[in-house]
Structures are given as C-alpha cells and as structure tokens.
Amino acid sequence: AQGGVMSIGGFLKQIENVQVQQTILLDTPAKLAELDLEPSFLNFQSATWVNMGDGEISGMEAEMRQPLDTWLPEFAKGLTLTASASASHLSKFIYLTKSGFGNVGSDFQNFYEKQFKASVGYRRGKLGANVGWIYNGRVFRQREDIAASATNPAVVGFRYYPPYSTVDFNLEYAVTRWAKIFIAGRNVTNARKIRYRVVEGAPDWSNFQIANSLGASYTIGVTGTF
C-alpha cells in the first residue's frame, strides 16, 4: 500500500566456447606457421585469445524499494530505502582448473562473487538527497599451476581482488522549476582496490601484489531542463 517493491530470483547461465587468453612459447616452426610468423620469431612468447572450455554461472538476486513515510513523523517524511543483493558462482569452467588455462580474461574481469547495494533517498519540496553504499565482493582473476622442480614440489596459486566498499552521495536544490544546483561525491571514503597473489605454502606477507587507489571525486554544478 505504501508503494514498496520486493523481488527475488535465481538464474543459471550455460556458456560455450569461453574466450581465454593463452601465452604460448613459439619454440617450433609449426607454431610459427600457425600464426604466420617469420623464423626470426622463434622462441618468442605469444599472447593469444582462443575460444575453448564450457561452463556455468549460477546465482541469486534480491531487490527492495520501500518508502518510509508510513512509519515516520511528519517532519521526517520523504525518505525511501533501496537495497539489492546478488551472489554468483562460476562453476564447471575448464579453463579455471586446467593447467595453463587459468586467466579469466576480460569477459569476467569484474565478476563479483557477491555484491550488495543500499541507499537512503530523501525528496521533499525543493530538496533532494541520496547516500549510497556499495559492497563489491571478491573477483577471481587467475589460477596458476606452478610445476615441480628439482628442489620444490608442484603448487597451485591464485590471483584475486578481495572485497571492498564505496560510499557515494548527492544533494540537490531546485532554485526554479527548471534549474537545480547540486553537489555529488563518489567514493568519498577513498577505497582502494587491492590484488592478492596467494600461493600454497607461501607466507602471508607475500600475498599482497598491487593496490590501486580509486580516488574520491566531487562535482558541483547547475543542471536544468529547457
């Protein structure tokens, strides 16, 4: 009765001939001929995209939107709560488990295993505001099978981005019926996106690989409709 919406759903996606990146050592004339390369490229490495491997993505999604006016006193009316959640799973992907085919490539470079979003909006009279929070779950990037050597056993390694959260906001005020002034902030907590490389048997301090600062940004301006 208050205009709220709630939904939940599940999905299963079956994928064939996934795009996979391979690094090939061009150590034979036959491999050079496959790529139509001259003999001078012998023993070079080639990064090549191929379509191979089948797999599945399964998951669930939930979403809600609820105006809060019914439960609020008159002076606080105008608030709306919005939230969503999703959980996905990459399963049965040959290239994630077979030695030498571990890079998930560009198709899944932002495949979050979990993602949660929540925001509170306010709209009353000439004033509008919104504050939102986004939780991005782990992103799997690569499996590495490290072959055994004379001094070390074979081990398995993984590269992934651990979860991180961002906070955004915007505030606007209608000066006239056709013009508004606004201020907006993105990633105001200045969250970082970190990548780990975890190898079986390696010490914890060696897991950290790289950190990217996503940066906080603010925008102030005027928007209008003519």
# chains A, B, ... in the order shown; residues from 1 in each chain; ligands from 1
$ residues_around --residues "Phe116 (chain A)" --least-positions-apart "2" --cutoff "9 Å" --atoms "only C-alpha atoms" --output "MDAnalysis selection string"
chainID A and resid 83:87 114 118 133:137
$ write_last_selection --atoms "all heavy atoms" --output "CSV table (one decimal), in the first residue's frame"
chain,number,residue,atom,x,y,z
A,83,ALA,N,17.6,-1.2,-1.6
A,83,ALA,CA,18.6,-2.2,-1.4
A,83,ALA,C,18.6,-3.3,-2.4
A,83,ALA,O,17.5,-3.6,-2.9
A,83,ALA,CB,18.6,-2.7,0.0
A,84,SER,N,19.7,-3.9,-2.7
A,84,SER,CA,19.8,-5.0,-3.6
A,84,SER,C,21.0,-5.9,-3.2
A,84,SER,O,21.9,-5.4,-2.6
A,84,SER,CB,19.9,-4.6,-5.0
A,84,SER,OG,21.1,-4.0,-5.3
A,85,ALA,N,20.9,-7.2,-3.5
A,85,ALA,CA,21.9,-8.1,-3.2
A,85,ALA,C,22.0,-9.2,-4.3
A,85,ALA,O,21.0,-9.6,-4.9
A,85,ALA,CB,21.7,-8.8,-1.9
A,86,SER,N,23.2,-9.6,-4.6
A,86,SER,CA,23.4,-10.6,-5.6
A,86,SER,C,24.6,-11.5,-5.2
A,86,SER,O,25.5,-11.0,-4.7
A,86,SER,CB,23.6,-10.0,-7.0
A,86,SER,OG,24.8,-9.3,-7.1
A,87,ALA,N,24.4,-12.8,-5.5
A,87,ALA,CA,25.5,-13.8,-5.3
A,87,ALA,C,25.6,-14.7,-6.5
A,87,ALA,O,24.6,-15.2,-6.9
A,87,ALA,CB,25.2,-14.6,-4.0
A,114,LYS,N,29.9,-11.6,-4.9
A,114,LYS,CA,28.8,-11.0,-4.2
A,114,LYS,C,28.8,-9.5,-4.4
A,114,LYS,O,29.9,-8.9,-4.6
A,114,LYS,CB,28.9,-11.3,-2.7
A,114,LYS,CG,28.9,-12.8,-2.3
A,114,LYS,CD,29.1,-13.0,-0.8
A,114,LYS,CE,29.0,-14.5,-0.5
A,114,LYS,NZ,29.2,-14.7,1.0
A,118,ALA,N,23.0,-0.5,-1.0
A,118,ALA,CA,21.9,0.1,-0.2
A,118,ALA,C,22.0,1.6,-0.2
A,118,ALA,O,23.1,2.2,-0.3
A,118,ALA,CB,22.1,-0.4,1.3
A,133,TRP,N,25.7,3.1,-0.4
A,133,TRP,CA,26.8,2.2,-0.1
A,133,TRP,C,26.8,1.0,-1.0
A,133,TRP,O,25.8,0.4,-1.3
A,133,TRP,CB,26.7,1.8,1.4
A,133,TRP,CG,27.6,0.7,1.8
A,133,TRP,CD1,28.9,0.8,2.1
A,133,TRP,CD2,27.3,-0.7,2.0
A,133,TRP,NE1,29.5,-0.5,2.5
A,133,TRP,CE2,28.4,-1.4,2.4
A,133,TRP,CE3,26.1,-1.4,1.8
A,133,TRP,CZ2,28.5,-2.8,2.7
A,133,TRP,CZ3,26.1,-2.8,2.1
A,133,TRP,CH2,27.3,-3.4,2.5
A,134,ILE,N,28.0,0.7,-1.5
A,134,ILE,CA,28.2,-0.5,-2.4
A,134,ILE,C,29.3,-1.4,-1.9
A,134,ILE,O,30.4,-0.9,-1.6
A,134,ILE,CB,28.5,0.0,-3.9
A,134,ILE,CG1,27.4,0.9,-4.4
A,134,ILE,CG2,28.7,-1.3,-4.8
A,134,ILE,CD1,27.8,1.4,-5.8
A,135,TYR,N,28.9,-2.7,-1.7
A,135,TYR,CA,29.9,-3.7,-1.3
A,135,TYR,C,30.2,-4.6,-2.5
A,135,TYR,O,29.3,-5.2,-3.0
A,135,TYR,CB,29.4,-4.5,-0.1
A,135,TYR,CG,30.2,-5.7,0.2
A,135,TYR,CD1,31.3,-5.6,1.1
A,135,TYR,CD2,30.0,-6.9,-0.4
A,135,TYR,CE1,32.1,-6.7,1.4
A,135,TYR,CE2,30.7,-8.1,-0.1
A,135,TYR,CZ,31.8,-8.0,0.8
A,135,TYR,OH,32.5,-9.1,1.1
A,136,ASN,N,31.5,-4.6,-3.0
A,136,ASN,CA,31.9,-5.4,-4.1
A,136,ASN,C,32.6,-6.6,-3.5
A,136,ASN,O,33.7,-6.4,-2.9
A,136,ASN,CB,32.7,-4.6,-5.1
A,136,ASN,CG,32.0,-3.5,-5.7
A,136,ASN,OD1,31.0,-3.6,-6.3
A,136,ASN,ND2,32.5,-2.3,-5.5
A,137,GLY,N,32.1,-7.8,-3.8
A,137,GLY,CA,32.8,-9.0,-3.3
A,137,GLY,C,34.0,-9.4,-4.1
A,137,GLY,O,34.5,-8.6,-4.9
$ residues_around --residues "region 155-160 of chain A" --least-positions-apart "5" --cutoff "10 Å" --atoms "only C-alpha atoms" --output "JSON, numbers by chain"
{"A": [99, 102, 103, 109, 138, 139, 140, 141, 142, 143, 144, 145, 146, 147, 148, 194, 195, 196, 197, 198, 199, 200, 201, 202, 207, 208, 209]}
$ select_by_dssp --residues "region 18-69 of chain A" --states "strand (DSSP E or B)" --output "list in words"
Gln19, Val20, Gln21, Gln22, Thr23, Ile24, Leu25, Gln45, Ser46, Ala47, Thr48, Trp49, Val50, Asn51, Gly55, Glu56, Ile57, Ser58, Gly59, Met60, Glu61, Ala62, Glu63, Met64, Arg65, Gln66 and Pro67 of chain A
$ write_last_selection --atoms "N, CA and C atoms" --output "PDB file, in the first residue's frame"
ATOM      1  N   GLN A  19      35.990 -17.260 -24.029  1.00  0.00           N
ATOM      2  CA  GLN A  19      37.195 -16.611 -24.543  1.00  0.00           C
ATOM      3  C   GLN A  19      38.284 -16.648 -23.481  1.00  0.00           C
ATOM      4  N   VAL A  20      39.417 -17.254 -23.824  1.00  0.00           N
ATOM      5  CA  VAL A  20      40.507 -17.485 -22.880  1.00  0.00           C
ATOM      6  C   VAL A  20      41.806 -16.964 -23.478  1.00  0.00           C
ATOM      7  N   GLN A  21      42.637 -16.377 -22.623  1.00  0.00           N
ATOM      8  CA  GLN A  21      43.938 -15.890 -23.070  1.00  0.00           C
ATOM      9  C   GLN A  21      45.021 -16.911 -22.741  1.00  0.00           C
ATOM     10  N   GLN A  22      45.807 -17.275 -23.748  1.00  0.00           N
ATOM     11  CA  GLN A  22      46.913 -18.204 -23.578  1.00  0.00           C
ATOM     12  C   GLN A  22      48.235 -17.511 -23.909  1.00  0.00           C
ATOM     13  N   THR A  23      49.283 -17.890 -23.197  1.00  0.00           N
ATOM     14  CA  THR A  23      50.630 -17.457 -23.537  1.00  0.00           C
ATOM     15  C   THR A  23      51.388 -18.678 -24.047  1.00  0.00           C
ATOM     16  N   ILE A  24      51.817 -18.615 -25.305  1.00  0.00           N
ATOM     17  CA  ILE A  24      52.417 -19.767 -25.968  1.00  0.00           C
ATOM     18  C   ILE A  24      53.875 -19.474 -26.286  1.00  0.00           C
ATOM     19  N   LEU A  25      54.747 -20.429 -25.986  1.00  0.00           N
ATOM     20  CA  LEU A  25      56.153 -20.323 -26.372  1.00  0.00           C
ATOM     21  C   LEU A  25      56.297 -20.822 -27.807  1.00  0.00           C
ATOM     22  N   GLN A  45      57.465 -15.392 -27.103  1.00  0.00           N
ATOM     23  CA  GLN A  45      56.195 -15.764 -26.495  1.00  0.00           C
ATOM     24  C   GLN A  45      55.072 -15.000 -27.163  1.00  0.00           C
ATOM     25  N   SER A  46      53.938 -15.664 -27.339  1.00  0.00           N
ATOM     26  CA  SER A  46      52.787 -15.037 -27.978  1.00  0.00           C
ATOM     27  C   SER A  46      51.579 -15.125 -27.049  1.00  0.00           C
ATOM     28  N   ALA A  47      50.938 -13.981 -26.776  1.00  0.00           N
ATOM     29  CA  ALA A  47      49.694 -13.945 -26.014  1.00  0.00           C
ATOM     30  C   ALA A  47      48.534 -14.027 -27.003  1.00  0.00           C
ATOM     31  N   THR A  48      47.762 -15.087 -26.923  1.00  0.00           N
ATOM     32  CA  THR A  48      46.753 -15.387 -27.937  1.00  0.00           C
ATOM     33  C   THR A  48      45.394 -15.633 -27.286  1.00  0.00           C
ATOM     34  N   TRP A  49      44.348 -15.094 -27.909  1.00  0.00           N
ATOM     35  CA  TRP A  49      42.980 -15.358 -27.461  1.00  0.00           C
ATOM     36  C   TRP A  49      42.403 -16.534 -28.227  1.00  0.00           C
ATOM     37  N   VAL A  50      41.803 -17.474 -27.516  1.00  0.00           N
ATOM     38  CA  VAL A  50      41.160 -18.628 -28.143  1.00  0.00           C
ATOM     39  C   VAL A  50      39.807 -18.842 -27.476  1.00  0.00           C
ATOM     40  N   ASN A  51      38.931 -19.543 -28.183  1.00  0.00           N
ATOM     41  CA  ASN A  51      37.631 -19.914 -27.623  1.00  0.00           C
ATOM     42  C   ASN A  51      37.671 -21.384 -27.250  1.00  0.00           C
ATOM     43  N   GLY A  55      31.154 -23.781 -19.465  1.00  0.00           N
ATOM     44  CA  GLY A  55      30.965 -23.546 -18.052  1.00  0.00           C
ATOM     45  C   GLY A  55      29.573 -23.070 -17.725  1.00  0.00           C
ATOM     46  N   GLU A  56      29.374 -22.757 -16.447  1.00  0.00           N
ATOM     47  CA  GLU A  56      28.091 -22.292 -15.962  1.00  0.00           C
ATOM     48  C   GLU A  56      28.287 -21.166 -14.959  1.00  0.00           C
ATOM     49  N   ILE A  57      27.331 -20.256 -14.941  1.00  0.00           N
ATOM     50  CA  ILE A  57      27.244 -19.234 -13.909  1.00  0.00           C
ATOM     51  C   ILE A  57      25.867 -19.377 -13.268  1.00  0.00           C
ATOM     52  N   SER A  58      25.848 -19.559 -11.957  1.00  0.00           N
ATOM     53  CA  SER A  58      24.577 -19.654 -11.243  1.00  0.00           C
ATOM     54  C   SER A  58      24.556 -18.593 -10.153  1.00  0.00           C
ATOM     55  N   GLY A  59      23.359 -18.193  -9.761  1.00  0.00           N
ATOM     56  CA  GLY A  59      23.293 -17.166  -8.729  1.00  0.00           C
ATOM     57  C   GLY A  59      21.878 -16.794  -8.359  1.00  0.00           C
ATOM     58  N   MET A  60      21.791 -15.865  -7.387  1.00  0.00           N
ATOM     59  CA  MET A  60      20.508 -15.354  -6.916  1.00  0.00           C
ATOM     60  C   MET A  60      20.582 -13.840  -6.804  1.00  0.00           C
ATOM     61  N   GLU A  61      19.443 -13.196  -6.967  1.00  0.00           N
ATOM     62  CA  GLU A  61      19.349 -11.744  -6.879  1.00  0.00           C
ATOM     63  C   GLU A  61      18.120 -11.369  -6.048  1.00  0.00           C
ATOM     64  N   ALA A  62      18.239 -10.335  -5.254  1.00  0.00           N
ATOM     65  CA  ALA A  62      17.113  -9.824  -4.467  1.00  0.00           C
ATOM     66  C   ALA A  62      17.147  -8.304  -4.496  1.00  0.00           C
ATOM     67  N   GLU A  63      15.976  -7.703  -4.469  1.00  0.00           N
ATOM     68  CA  GLU A  63      15.891  -6.247  -4.552  1.00  0.00           C
ATOM     69  C   GLU A  63      14.678  -5.754  -3.780  1.00  0.00           C
ATOM     70  N   MET A  64      14.800  -4.584  -3.179  1.00  0.00           N
ATOM     71  CA  MET A  64      13.663  -3.987  -2.487  1.00  0.00           C
ATOM     72  C   MET A  64      13.715  -2.465  -2.585  1.00  0.00           C
ATOM     73  N   ARG A  65      12.542  -1.861  -2.556  1.00  0.00           N
ATOM     74  CA  ARG A  65      12.407  -0.401  -2.508  1.00  0.00           C
ATOM     75  C   ARG A  65      11.208  -0.096  -1.631  1.00  0.00           C
ATOM     76  N   GLN A  66      11.418   0.708  -0.594  1.00  0.00           N
ATOM     77  CA  GLN A  66      10.348   0.949   0.368  1.00  0.00           C
ATOM     78  C   GLN A  66      10.323   2.401   0.835  1.00  0.00           C
ATOM     79  N   PRO A  67       9.282   3.161   0.491  1.00  0.00           N
ATOM     80  CA  PRO A  67       9.095   4.488   1.106  1.00  0.00           C
ATOM     81  C   PRO A  67       8.849   4.316   2.604  1.00  0.00           C
TER      82      PRO A  67
END
$ atom_distance --atom1 "CA of Thr225 (chain A)" --atom2 "CA of Gly78 (chain A)"
23.2 Å
$ atom_distance --atom1 "CA of Val222 (chain A)" --atom2 "CA of Trp178 (chain A)"
10.5 Å
$ residues_around --residues "Thr28 (chain A)" --least-positions-apart "4" --cutoff "8 Å" --atoms "only C-alpha atoms" --output "MDAnalysis selection string"
chainID A and resid 32 42:43
$ write_last_selection --atoms "N, CA and C atoms" --output "mmCIF file, in the first residue's frame"
data_model
loop_
_atom_site.group_PDB
_atom_site.id
_atom_site.type_symbol
_atom_site.label_atom_id
_atom_site.label_comp_id
_atom_site.auth_asym_id
_atom_site.auth_seq_id
_atom_site.Cartn_x
_atom_site.Cartn_y
_atom_site.Cartn_z
ATOM 1 N N LEU A 32 55.075 -21.319 -35.325
ATOM 2 C CA LEU A 32 55.242 -20.089 -36.090
ATOM 3 C C LEU A 32 54.317 -20.072 -37.299
ATOM 4 N N LEU A 42 61.246 -17.222 -33.601
ATOM 5 C CA LEU A 42 61.439 -18.479 -32.881
ATOM 6 C C LEU A 42 61.855 -18.194 -31.436
ATOM 7 N N ASN A 43 61.204 -18.893 -30.499
ATOM 8 C CA ASN A 43 61.426 -18.772 -29.048
ATOM 9 C C ASN A 43 60.876 -17.479 -28.444
#
$ residues_around --residues "Ile181 (chain A)" --least-positions-apart "4" --cutoff "12 Å" --atoms "only C-alpha atoms" --output "ChimeraX atom specification"
/A:126-129,170-177,219-224
$ atom_distance --atom1 "CA of Met52 (chain A)" --atom2 "CA of Lys31 (chain A)"
18.2 Å
$ closest_residue --among "A:Gly4, A:Glu16, A:Ala150, A:Ala179" --to "Thr82 (chain A)" --atoms "only C-alpha atoms"
A:Gly4
$ select_by_dssp --residues "region 33-206 of chain A" --states "alpha helix (DSSP H)" --output "list in words"
Ala33, Glu34, Ile94, Tyr95, Leu96 and Thr97 of chain A
$ closest_residue --among "A:Lys180, A:Arg123, A:His89, A:Lys117" --to "Leu68 (chain A)" --atoms "only C-alpha atoms"
A:Arg123
$ closest_residue --among "A:Phe44, A:Leu79, A:Ala33, A:Asp54" --to "Ile15 (chain A)" --atoms "only C-alpha atoms"
A:Asp54
$ closest_residue --among "A:Ser40, A:Thr80, A:Asn110, A:Asn17" --to "Pro162 (chain A)" --atoms "only C-alpha atoms"
A:Asn110
